[in-house]
Structure formats: structure tokens, C-alpha cells
>>> print(open('coords-v4.cif').read())   # mmCIF, C-alpha atoms
data_final
loop_
_atom_site.label_atom_id
_atom_site.label_comp_id
_atom_site.auth_asym_id
_atom_site.auth_seq_id
_atom_site.Cartn_x
_atom_site.Cartn_y
_atom_site.Cartn_z
CA PHE A 1 17.69 -132.33 -66.60
CA LYS A 2 16.17 -132.05 -63.12
CA THR A 3 14.24 -134.67 -61.24
CA ASN A 4 13.56 -135.83 -57.71
CA ILE A 5 16.11 -138.28 -56.39
CA GLY A 6 13.78 -139.70 -53.77
CA THR A 7 10.26 -140.84 -53.03
CA SER A 8 8.42 -140.77 -49.74
CA VAL A 9 5.11 -142.13 -48.53
CA SER A 10 3.08 -140.40 -45.83
CA GLN A 11 0.20 -142.20 -44.22
CA GLY A 12 -1.69 -141.74 -41.02
CA ILE A 13 -4.94 -140.89 -39.35
CA GLU A 14 -6.62 -137.76 -38.06
CA SER A 15 -9.47 -137.70 -35.57
CA TYR A 16 -11.65 -135.12 -33.85
CA LEU A 17 -14.10 -135.62 -31.02
CA GLU A 18 -16.22 -132.96 -29.32
CA LEU A 19 -18.77 -133.25 -26.56
CA ASP A 20 -20.98 -130.50 -25.09
CA VAL A 21 -21.27 -131.76 -21.53
CA ILE A 22 -24.09 -129.40 -20.49
CA LYS A 23 -26.25 -130.14 -23.54
CA LEU A 24 -25.70 -133.83 -22.86
CA PHE A 25 -27.96 -133.47 -19.80
CA ASN A 26 -30.04 -130.42 -20.72
CA ASP A 27 -30.95 -129.44 -24.29
CA GLN A 28 -32.07 -125.94 -23.17
CA PRO A 29 -29.17 -124.88 -20.91
CA ARG A 30 -29.51 -121.52 -19.13
CA LEU A 31 -25.88 -121.51 -18.04
CA GLY A 32 -24.43 -121.77 -21.53
CA SER A 33 -22.48 -124.60 -23.08
CA VAL A 34 -19.22 -126.31 -22.15
CA SER A 35 -17.53 -128.26 -24.91
CA LEU A 36 -14.63 -130.63 -24.39
CA TYR A 37 -12.72 -131.54 -27.53
CA SER A 38 -9.76 -133.55 -28.67
CA SER A 39 -8.02 -133.78 -32.01
CA PHE A 40 -5.28 -136.25 -32.74
CA SER A 41 -3.14 -136.97 -35.77
CA TYR A 42 -0.67 -139.77 -36.33
CA THR A 43 1.62 -139.57 -39.37
CA ASP A 44 4.14 -142.12 -40.59
CA ALA A 45 6.17 -140.38 -43.31
CA ARG A 46 9.13 -142.38 -44.64
CA TYR A 47 11.46 -142.38 -47.60
CA THR A 48 10.80 -145.43 -49.79
CA LYS A 49 13.30 -144.73 -52.57
CA TRP A 50 16.52 -142.72 -52.85
CA ASP A 51 18.44 -142.55 -56.12
CA ASN A 52 21.44 -140.41 -55.22
CA PRO A 53 24.34 -141.88 -57.25
CA SER A 54 26.93 -140.41 -54.86
CA ILE A 55 25.75 -142.60 -51.96
CA VAL A 56 24.47 -145.72 -53.75
CA ASP A 57 27.33 -147.88 -52.40
CA ASP A 58 27.28 -146.49 -48.83
CA PRO A 59 24.61 -148.18 -46.65
CA GLN A 60 25.39 -145.72 -43.82
CA LYS A 61 23.95 -142.94 -45.96
CA SER A 62 20.84 -144.77 -47.16
CA TYR A 63 17.69 -142.72 -46.75
CA VAL A 64 15.33 -145.62 -47.49
CA GLY A 65 13.13 -146.34 -44.47
CA LYS A 66 14.12 -143.09 -42.70
CA MET A 67 11.51 -140.67 -41.41
CA VAL A 68 10.80 -137.59 -43.52
CA GLU A 69 12.30 -134.55 -41.82
CA ASN A 70 10.15 -132.02 -39.91
CA VAL A 71 7.11 -134.31 -39.75
CA PRO A 72 5.94 -134.94 -36.18
CA ARG A 73 4.57 -138.43 -35.67
CA ASN A 74 1.87 -137.20 -33.26
CA ILE A 75 -0.01 -133.95 -32.80
CA HIS A 76 -2.59 -133.88 -30.03
CA ARG A 77 -4.84 -130.99 -29.01
CA LEU A 78 -7.15 -131.05 -26.02
CA GLY A 79 -9.43 -128.20 -25.13
CA CYS A 80 -12.37 -126.85 -23.25
CA SER A 81 -14.65 -124.07 -24.51
CA TYR A 82 -17.38 -122.18 -22.70
CA HIS A 83 -20.05 -120.07 -24.43
CA HIS A 84 -22.96 -118.18 -22.93
CA GLU A 85 -24.82 -115.43 -24.75
CA THR A 86 -22.17 -112.67 -25.02
CA VAL A 87 -19.16 -114.39 -23.43
CA SER A 88 -16.96 -117.19 -24.70
CA ALA A 89 -13.68 -118.58 -23.45
CA SER A 90 -11.40 -121.40 -24.42
CA LEU A 91 -8.34 -123.18 -23.06
CA GLN A 92 -6.33 -125.48 -25.32
CA MET A 93 -3.32 -127.73 -24.84
CA SER A 94 -1.21 -128.61 -27.89
CA LYS A 95 1.31 -131.43 -27.73
CA VAL A 96 3.65 -132.09 -30.67
CA SER A 97 6.09 -135.00 -30.77
CA SER A 98 9.79 -134.80 -31.62
CA VAL A 99 10.99 -134.48 -35.23
CA PHE A 100 14.09 -135.27 -37.20
CA THR A 101 15.49 -132.25 -39.02
CA ASP A 102 17.45 -134.08 -41.71
CA ALA A 103 16.72 -137.00 -44.02
CA LEU A 104 19.36 -139.24 -42.38
CA ASN A 105 17.47 -138.91 -39.04
CA THR A 106 20.45 -137.64 -37.08
CA ILE A 107 19.71 -137.61 -33.35
CA ALA A 108 22.54 -135.55 -31.86
CA PRO A 109 22.94 -131.97 -33.13
CA ASN A 110 26.06 -131.04 -35.06
CA ALA A 111 28.35 -128.14 -34.07
CA THR A 112 26.31 -125.52 -35.94
CA SER A 113 22.93 -126.95 -34.82
CA THR A 114 21.75 -127.30 -38.42
CA ILE A 115 20.81 -130.98 -37.98
CA GLY A 116 19.70 -133.15 -35.08
CA MET A 117 16.43 -134.22 -33.52
CA LEU A 118 14.19 -131.54 -32.02
CA ASN A 119 12.35 -132.51 -28.86
CA GLY A 120 8.58 -132.51 -28.72
CA TYR A 121 6.79 -129.77 -26.84
CA GLN A 122 3.55 -128.92 -25.10
CA ILE A 123 1.95 -125.48 -24.88
CA PHE A 124 -1.29 -123.99 -23.53
CA ASP A 125 -3.34 -121.20 -25.11
CA PHE A 126 -6.27 -119.20 -23.70
CA SER A 127 -8.78 -116.90 -25.36
CA LEU A 128 -11.70 -114.81 -24.12
CA ALA A 129 -14.30 -112.95 -26.19
CA TYR A 130 -17.05 -110.58 -25.09
CA LYS A 131 -19.74 -109.28 -27.41
CA ILE A 132 -21.06 -105.82 -26.54
CA LYS A 133 -24.60 -105.44 -27.83
CA GLU A 134 -24.72 -106.75 -31.40
CA THR A 135 -22.15 -104.32 -32.75
CA TYR A 136 -18.86 -104.56 -30.84
CA THR A 137 -16.55 -107.39 -29.89
CA PHE A 138 -13.66 -107.43 -27.42
CA LYS A 139 -11.18 -110.31 -27.59
CA PHE A 140 -8.21 -111.20 -25.41
CA GLY A 141 -5.76 -114.07 -25.86
CA VAL A 142 -2.61 -115.56 -24.41
CA ASN A 143 -0.58 -118.06 -26.40
CA ASN A 144 2.03 -120.26 -24.73
CA ILE A 145 0.77 -119.36 -21.26
CA ALA A 146 3.65 -121.09 -19.42
CA ASP A 147 6.23 -119.43 -21.71
CA GLU A 148 7.54 -122.86 -22.73
CA GLN A 149 10.85 -122.77 -24.60
CA TYR A 150 10.75 -125.03 -27.63
CA ALA A 151 12.07 -125.24 -31.17
CA THR A 152 10.10 -125.77 -34.36
CA ARG A 153 12.83 -126.05 -37.03
CA ARG A 154 16.52 -125.79 -37.78
CA SER A 155 18.06 -123.46 -40.32
CA GLY A 156 21.21 -123.69 -42.41
CA GLY A 157 20.92 -120.20 -43.84
CA TYR A 158 18.96 -117.06 -43.01
CA PRO A 159 18.54 -115.95 -40.22
CA GLY A 160 21.73 -117.88 -39.55
CA PRO A 161 22.49 -121.51 -38.85
CA GLY A 162 20.90 -123.07 -35.81
CA ILE A 163 17.63 -123.71 -34.05
CA LEU A 164 14.55 -121.61 -34.85
CA PRO A 165 12.69 -121.17 -31.57
CA GLY A 166 8.93 -121.36 -31.18
CA ASN A 167 7.01 -118.30 -30.10
CA ALA A 168 7.36 -117.16 -26.51
CA ARG A 169 4.32 -116.14 -24.48
CA THR A 170 2.30 -113.65 -26.51
CA PHE A 171 -0.75 -111.56 -25.69
CA SER A 172 -3.35 -110.18 -28.06
CA VAL A 173 -6.17 -107.71 -27.56
CA THR A 174 -8.69 -106.94 -30.26
CA PHE A 175 -11.62 -104.56 -30.35
CA GLY A 176 -13.90 -104.66 -33.36
CA GLY A 177 -17.16 -103.27 -34.54
CA MET A 178 -19.66 -103.60 -37.35
CA PHE A 179 -21.10 -100.40 -38.69
#
>>> encode(input="coords-v4.cif", output="C-alpha cells")
Amino acid sequence: FKTNIGTSVSQGIESYLELDVIKLFNDQPRLGSVSLYSSFSYTDARYTKWDNPSIVDDPQKSYVGKMVENVPRNIHRLGCSYHHETVSASLQMSKVSSVFTDALNTIAPNATSTIGMLNGYQIFDFSLAYKIKETYTFKFGVNNIADEQYATRRSGGYPGPGILPGNARTFSVTFGGMF
């Protein structure tokens, strides 16, 4: 017989707001469009029930009311995009709040770094696209421009116990065509 030993409830809100600042003042812009945008999510994910018979008499190990692991409370993205005829560019900031990596919400990491809170992080990404005639497209991007060091998860097994780092600065170049 297999069943879940716990129950969690996740609730929150997501929002998105975008404003084209040039079209706000001129509905036929010759210089293109500049959009400012923001997305925000707030999540409260908590355990509401935990039926593990091995810890029922130990209040120190109660999961009830604890945050669900690996769920950031806040994710915020701010960005600016420019588009004019054949050229578009965008710059985005992503900010993610800290997360617990175990159901008991341990703050300090253990000796093998398999549990413990992971700090929040903030990264910037940039992309540029250029359309050549109607057939070809050239794209360039840089993710994590500042080469921020951050962690996204912890692992107890493969690829070994410890912190799983986020991606370092990466570049991408794409050339495509329609034939």
C-alpha cells in the first residue's frame, strides 16, 4: 500500500504589466516602440498535514505549517524591449527569493550541503535580433550578464551531494533562414 503522507496548499498571485512608452504619446511612431514590463509572482506554499507515524510524537520534526521546499516566495522580472522594423533588443532583470531545500525548513546547511536554505539571486539577460530582408534572422544573446554565482537546488544523489549551481554567463548566436 502506497500513499502520500502529507498535504500541502499553494496559493498566491501572478501579475504582468506592460507599457509601450512611445505609443503612449504617438500611435504612429517612426522610431519604433519601447516597452517596459514587469511580472511578479507571490507564492505561499505550506504543508497543512503530515501523517508520518515515525515523527507523530516529536513536535521538533513536525512539517505542518512549514514552507514547501524549492518554492520561492517571490519571483520578479523587470524588462525593457525595443523594436523597430528589422531590429529588436531586450534587457531583463530576474530576481528570485530564497528557498528552503527540505521540508523541515532548515536554514543552515549540513556538512554535505544536501539541506539548508539557498539565498535568493538576481540576474540580467540581454538579447538582440536583426532581420535581414524577409528571409534571414540573426540573433545574439547573453544570459547572466554579470556572471552572478547562485544556486538553484541541492542534491543528495547524482551528480553528487551538494549545491547545484545556476548557469554562469552564457552567450548564444543564431542565424536562421526561411526557404
>>> closest_residue(input="coords-v4.cif", among="A:Ser41, A:Thr114, A:Thr170, A:Ser90", to="A:Gly157", atoms="all atoms listed in the file")
A:Thr114
>>> resolve_selection(input="coords-v4.cif", expression="the PyMOL selection byres ((chain A and resi 3) around 12)", output="list in words")
Phe1, Lys2, Asn4, Ile5, Gly6, Thr7, Trp50, Asp51 and Asn52 of chain A
>>> residues_around(input="coords-v4.cif", residues="A:Tyr82", least_positions_apart="2", cutoff="12 Å", atoms="all atoms listed in the file", output="PyMOL selection string")
chain A and resi 19-23+31-37+79-80+84-92+126-130
>>> write_last_selection(input="coords-v4.cif", atoms="C-alpha atoms", output="short mmCIF file (atom, residue, chain, number, x, y, z; two decimals), in the coordinates of the input")
data_model
loop_
_atom_site.label_atom_id
_atom_site.label_comp_id
_atom_site.auth_asym_id
_atom_site.auth_seq_id
_atom_site.Cartn_x
_atom_site.Cartn_y
_atom_site.Cartn_z
CA LEU A 19 -18.77 -133.25 -26.56
CA ASP A 20 -20.98 -130.50 -25.09
CA VAL A 21 -21.27 -131.76 -21.53
CA ILE A 22 -24.09 -129.40 -20.49
CA LYS A 23 -26.25 -130.14 -23.54
CA LEU A 31 -25.88 -121.51 -18.04
CA GLY A 32 -24.43 -121.77 -21.53
CA SER A 33 -22.48 -124.60 -23.08
CA VAL A 34 -19.22 -126.31 -22.15
CA SER A 35 -17.53 -128.26 -24.91
CA LEU A 36 -14.63 -130.63 -24.39
CA TYR A 37 -12.72 -131.54 -27.53
CA GLY A 79 -9.43 -128.20 -25.13
CA CYS A 80 -12.37 -126.85 -23.25
CA HIS A 84 -22.96 -118.18 -22.93
CA GLU A 85 -24.82 -115.43 -24.75
CA THR A 86 -22.17 -112.67 -25.02
CA VAL A 87 -19.16 -114.39 -23.43
CA SER A 88 -16.96 -117.19 -24.70
CA ALA A 89 -13.68 -118.58 -23.45
CA SER A 90 -11.40 -121.40 -24.42
CA LEU A 91 -8.34 -123.18 -23.06
CA GLN A 92 -6.33 -125.48 -25.32
CA PHE A 126 -6.27 -119.20 -23.70
CA SER A 127 -8.78 -116.90 -25.36
CA LEU A 128 -11.70 -114.81 -24.12
CA ALA A 129 -14.30 -112.95 -26.19
CA TYR A 130 -17.05 -110.58 -25.09
#
>>> resolve_selection(input="coords-v4.cif", expression="the PyMOL selection byres ((chain A and resi 144-154) around 9)", output="PDB file with C-alpha atoms, in the coordinates of the input")
ATOM      1  CA  ASN A  70      10.150-132.020 -39.910  1.00  0.00           C
ATOM      2  CA  VAL A  99      10.990-134.480 -35.230  1.00  0.00           C
ATOM      3  CA  THR A 101      15.490-132.250 -39.020  1.00  0.00           C
ATOM      4  CA  SER A 113      22.930-126.950 -34.820  1.00  0.00           C
ATOM      5  CA  THR A 114      21.750-127.300 -38.420  1.00  0.00           C
ATOM      6  CA  ILE A 115      20.810-130.980 -37.980  1.00  0.00           C
ATOM      7  CA  GLY A 116      19.700-133.150 -35.080  1.00  0.00           C
ATOM      8  CA  LEU A 118      14.190-131.540 -32.020  1.00  0.00           C
ATOM      9  CA  ASN A 119      12.350-132.510 -28.860  1.00  0.00           C
ATOM     10  CA  GLY A 120       8.580-132.510 -28.720  1.00  0.00           C
ATOM     11  CA  TYR A 121       6.790-129.770 -26.840  1.00  0.00           C
ATOM     12  CA  GLN A 122       3.550-128.920 -25.100  1.00  0.00           C
ATOM     13  CA  ILE A 123       1.950-125.480 -24.880  1.00  0.00           C
ATOM     14  CA  PHE A 124      -1.290-123.990 -23.530  1.00  0.00           C
ATOM     15  CA  ASP A 125      -3.340-121.200 -25.110  1.00  0.00           C
ATOM     16  CA  PHE A 126      -6.270-119.200 -23.700  1.00  0.00           C
ATOM     17  CA  VAL A 142      -2.610-115.560 -24.410  1.00  0.00           C
ATOM     18  CA  ASN A 143      -0.580-118.060 -26.400  1.00  0.00           C
ATOM     19  CA  SER A 155      18.060-123.460 -40.320  1.00  0.00           C
ATOM     20  CA  GLY A 156      21.210-123.690 -42.410  1.00  0.00           C
ATOM     21  CA  PRO A 161      22.490-121.510 -38.850  1.00  0.00           C
ATOM     22  CA  GLY A 162      20.900-123.070 -35.810  1.00  0.00           C
ATOM     23  CA  ILE A 163      17.630-123.710 -34.050  1.00  0.00           C
ATOM     24  CA  LEU A 164      14.550-121.610 -34.850  1.00  0.00           C
ATOM     25  CA  PRO A 165      12.690-121.170 -31.570  1.00  0.00           C
ATOM     26  CA  GLY A 166       8.930-121.360 -31.180  1.00  0.00           C
ATOM     27  CA  ASN A 167       7.010-118.300 -30.100  1.00  0.00           C
ATOM     28  CA  ALA A 168       7.360-117.160 -26.510  1.00  0.00           C
ATOM     29  CA  ARG A 169       4.320-116.140 -24.480  1.00  0.00           C
ATOM     30  CA  THR A 170       2.300-113.650 -26.510  1.00  0.00           C
TER      31      THR A 170
END
>>> atom_distance(input="coords-v4.cif", atom1="atom CA of A:Phe25", atom2="atom CA of A:His83")
16.2 Å
>>> closest_residue(input="coords-v4.cif", among="A:Lys49, A:Arg30, A:Arg73, A:Leu78", to="A:Leu17", atoms="all atoms listed in the file")
A:Leu78
>>> closest_residue(input="coords-v4.cif", among="A:Pro109, A:Tyr158, A:Gly177, A:Val64", to="A:Tyr136", atoms="all atoms listed in the file")
A:Gly177
>>> atom_distance(input="coords-v4.cif", atom1="atom CA of A:Asn74", atom2="atom CA of A:Glu14")
9.8 Å
>>> atom_distance(input="coords-v4.cif", atom1="atom CA of A:Ala111", atom2="atom CA of A:Val68")
22.1 Å
>>> resolve_selection(input="coords-v4.cif", expression="the PyMOL selection byres ((chain A and resi 61) around 12)", output="VMD selection string")
chain A and resid 50 to 60 62 to 66 102 to 106
>>> closest_residue(input="coords-v4.cif", among="A:Ser38, A:Ser94, A:Thr43, A:Thr174", to="A:Pro72", atoms="only C-alpha atoms")
A:Thr43
>>> decode(input="coords-v4.cif", residues="stretch 32-144 of chain A", atoms="C-alpha atoms", output="PDB file, in the first residue's frame")
ATOM      1  CA  GLY A  32       9.957  52.129 -33.175  1.00  0.00           C
ATOM      2  CA  SER A  33       8.497  51.010 -29.883  1.00  0.00           C
ATOM      3  CA  VAL A  34       9.903  50.801 -26.369  1.00  0.00           C
ATOM      4  CA  SER A  35       8.062  48.533 -23.974  1.00  0.00           C
ATOM      5  CA  LEU A  36       8.643  48.423 -20.244  1.00  0.00           C
ATOM      6  CA  TYR A  37       7.280  45.348 -18.498  1.00  0.00           C
ATOM      7  CA  SER A  38       7.089  43.769 -15.098  1.00  0.00           C
ATOM      8  CA  SER A  39       5.902  40.360 -13.982  1.00  0.00           C
ATOM      9  CA  PHE A  40       5.579  39.381 -10.359  1.00  0.00           C
ATOM     10  CA  SER A  41       4.522  36.221  -8.591  1.00  0.00           C
ATOM     11  CA  TYR A  42       3.964  35.618  -4.907  1.00  0.00           C
ATOM     12  CA  THR A  43       3.504  32.032  -3.707  1.00  0.00           C
ATOM     13  CA  ASP A  44       2.719  30.797  -0.214  1.00  0.00           C
ATOM     14  CA  ALA A  45       3.175  27.016  -0.305  1.00  0.00           C
ATOM     15  CA  ARG A  46       2.889  25.274   3.071  1.00  0.00           C
ATOM     16  CA  TYR A  47       2.379  21.800   4.448  1.00  0.00           C
ATOM     17  CA  THR A  48      -1.046  21.527   6.094  1.00  0.00           C
ATOM     18  CA  LYS A  49      -0.956  17.858   7.084  1.00  0.00           C
ATOM     19  CA  TRP A  50       1.808  15.321   7.767  1.00  0.00           C
ATOM     20  CA  ASP A  51       0.987  11.748   8.719  1.00  0.00           C
ATOM     21  CA  ASN A  52       4.414  10.203   9.228  1.00  0.00           C
ATOM     22  CA  PRO A  53       3.965   7.742  12.136  1.00  0.00           C
ATOM     23  CA  SER A  54       7.692   7.831  12.964  1.00  0.00           C
ATOM     24  CA  ILE A  55       7.552  11.519  13.974  1.00  0.00           C
ATOM     25  CA  VAL A  56       3.983  11.882  15.277  1.00  0.00           C
ATOM     26  CA  ASP A  57       5.174  12.371  18.884  1.00  0.00           C
ATOM     27  CA  ASP A  58       8.100  14.702  18.073  1.00  0.00           C
ATOM     28  CA  PRO A  59       6.979  18.348  17.656  1.00  0.00           C
ATOM     29  CA  GLN A  60      10.525  19.293  16.566  1.00  0.00           C
ATOM     30  CA  LYS A  61      10.000  17.260  13.403  1.00  0.00           C
ATOM     31  CA  SER A  62       6.507  18.499  12.565  1.00  0.00           C
ATOM     32  CA  TYR A  63       6.168  19.591   8.961  1.00  0.00           C
ATOM     33  CA  VAL A  64       2.757  21.228   9.449  1.00  0.00           C
ATOM     34  CA  GLY A  65       2.971  24.947   8.695  1.00  0.00           C
ATOM     35  CA  LYS A  66       6.436  24.656   7.100  1.00  0.00           C
ATOM     36  CA  MET A  67       7.142  26.044   3.642  1.00  0.00           C
ATOM     37  CA  VAL A  68       7.210  23.557   0.760  1.00  0.00           C
ATOM     38  CA  GLU A  69      10.802  23.052  -0.341  1.00  0.00           C
ATOM     39  CA  ASN A  70      12.200  24.654  -3.530  1.00  0.00           C
ATOM     40  CA  VAL A  71       9.304  27.108  -3.885  1.00  0.00           C
ATOM     41  CA  PRO A  72      10.471  30.737  -3.973  1.00  0.00           C
ATOM     42  CA  ARG A  73       8.042  33.110  -2.302  1.00  0.00           C
ATOM     43  CA  ASN A  74       8.699  35.861  -4.868  1.00  0.00           C
ATOM     44  CA  ILE A  75       9.782  35.921  -8.497  1.00  0.00           C
ATOM     45  CA  HIS A  76      10.068  39.341 -10.103  1.00  0.00           C
ATOM     46  CA  ARG A  77      11.073  40.157 -13.672  1.00  0.00           C
ATOM     47  CA  LEU A  78      11.574  43.670 -14.995  1.00  0.00           C
ATOM     48  CA  GLY A  79      12.464  44.406 -18.564  1.00  0.00           C
ATOM     49  CA  CYS A  80      12.738  46.812 -21.417  1.00  0.00           C
ATOM     50  CA  SER A  81      12.283  45.888 -25.080  1.00  0.00           C
ATOM     51  CA  TYR A  82      12.932  47.932 -28.193  1.00  0.00           C
ATOM     52  CA  HIS A  83      11.594  47.079 -31.660  1.00  0.00           C
ATOM     53  CA  HIS A  84      11.963  48.963 -34.916  1.00  0.00           C
ATOM     54  CA  GLU A  85      11.380  47.401 -38.318  1.00  0.00           C
ATOM     55  CA  THR A  86      14.253  44.874 -38.565  1.00  0.00           C
ATOM     56  CA  VAL A  87      15.915  45.312 -35.167  1.00  0.00           C
ATOM     57  CA  SER A  88      14.777  44.290 -31.711  1.00  0.00           C
ATOM     58  CA  ALA A  89      16.580  44.207 -28.388  1.00  0.00           C
ATOM     59  CA  SER A  90      15.652  43.390 -24.839  1.00  0.00           C
ATOM     60  CA  LEU A  91      17.171  43.642 -21.374  1.00  0.00           C
ATOM     61  CA  GLN A  92      15.609  41.743 -18.480  1.00  0.00           C
ATOM     62  CA  MET A  93      16.304  41.508 -14.759  1.00  0.00           C
ATOM     63  CA  SER A  94      15.121  38.401 -12.897  1.00  0.00           C
ATOM     64  CA  LYS A  95      15.025  38.355  -9.112  1.00  0.00           C
ATOM     65  CA  VAL A  96      14.161  35.141  -7.250  1.00  0.00           C
ATOM     66  CA  SER A  97      13.810  34.968  -3.470  1.00  0.00           C
ATOM     67  CA  SER A  98      15.461  32.424  -1.177  1.00  0.00           C
ATOM     68  CA  VAL A  99      14.116  28.877  -0.842  1.00  0.00           C
ATOM     69  CA  PHE A 100      14.194  26.100   1.702  1.00  0.00           C
ATOM     70  CA  THR A 101      15.583  22.855   0.309  1.00  0.00           C
ATOM     71  CA  ASP A 102      13.998  20.461   2.795  1.00  0.00           C
ATOM     72  CA  ALA A 103      10.530  20.084   4.289  1.00  0.00           C
ATOM     73  CA  LEU A 104      11.725  20.941   7.828  1.00  0.00           C
ATOM     74  CA  ASN A 105      12.893  24.365   6.534  1.00  0.00           C
ATOM     75  CA  THR A 106      16.465  24.002   7.747  1.00  0.00           C
ATOM     76  CA  ILE A 107      18.327  27.304   7.479  1.00  0.00           C
ATOM     77  CA  ALA A 108      21.980  26.341   7.973  1.00  0.00           C
ATOM     78  CA  PRO A 109      23.467  23.809   5.531  1.00  0.00           C
ATOM     79  CA  ASN A 110      24.546  20.420   6.820  1.00  0.00           C
ATOM     80  CA  ALA A 111      28.068  19.014   6.312  1.00  0.00           C
ATOM     81  CA  THR A 112      27.280  17.542   2.880  1.00  0.00           C
ATOM     82  CA  SER A 113      25.273  20.602   1.721  1.00  0.00           C
ATOM     83  CA  THR A 114      22.230  18.456   0.945  1.00  0.00           C
ATOM     84  CA  ILE A 115      19.893  20.633   3.041  1.00  0.00           C
ATOM     85  CA  GLY A 116      19.807  24.278   4.082  1.00  0.00           C
ATOM     86  CA  MET A 117      18.324  27.493   2.763  1.00  0.00           C
ATOM     87  CA  LEU A 118      19.511  28.763  -0.627  1.00  0.00           C
ATOM     88  CA  ASN A 119      19.861  32.520  -0.940  1.00  0.00           C
ATOM     89  CA  GLY A 120      17.854  34.455  -3.475  1.00  0.00           C
ATOM     90  CA  TYR A 121      19.551  35.785  -6.569  1.00  0.00           C
ATOM     91  CA  GLN A 122      19.287  38.421  -9.265  1.00  0.00           C
ATOM     92  CA  ILE A 123      20.481  38.078 -12.865  1.00  0.00           C
ATOM     93  CA  PHE A 124      20.346  40.165 -16.050  1.00  0.00           C
ATOM     94  CA  ASP A 125      19.832  38.860 -19.588  1.00  0.00           C
ATOM     95  CA  PHE A 126      20.192  40.656 -22.941  1.00  0.00           C
ATOM     96  CA  SER A 127      19.093  39.698 -26.437  1.00  0.00           C
ATOM     97  CA  LEU A 128      19.405  41.315 -29.867  1.00  0.00           C
ATOM     98  CA  ALA A 129      17.763  40.237 -33.125  1.00  0.00           C
ATOM     99  CA  TYR A 130      18.243  41.552 -36.649  1.00  0.00           C
ATOM    100  CA  LYS A 131      16.076  40.538 -39.577  1.00  0.00           C
ATOM    101  CA  ILE A 132      17.827  40.576 -42.951  1.00  0.00           C
ATOM    102  CA  LYS A 133      15.291  41.132 -45.708  1.00  0.00           C
ATOM    103  CA  GLU A 134      12.315  38.852 -45.066  1.00  0.00           C
ATOM    104  CA  THR A 135      14.297  35.629 -45.207  1.00  0.00           C
ATOM    105  CA  TYR A 136      17.150  35.638 -42.680  1.00  0.00           C
ATOM    106  CA  THR A 137      17.411  36.322 -38.973  1.00  0.00           C
ATOM    107  CA  PHE A 138      20.497  36.895 -36.833  1.00  0.00           C
ATOM    108  CA  LYS A 139      20.143  36.635 -33.050  1.00  0.00           C
ATOM    109  CA  PHE A 140      22.611  37.256 -30.248  1.00  0.00           C
ATOM    110  CA  GLY A 141      22.069  36.782 -26.513  1.00  0.00           C
ATOM    111  CA  VAL A 142      23.865  36.958 -23.192  1.00  0.00           C
ATOM    112  CA  ASN A 143      22.358  35.334 -20.117  1.00  0.00           C
ATOM    113  CA  ASN A 144      23.578  36.208 -16.625  1.00  0.00           C
TER     114      ASN A 144
END
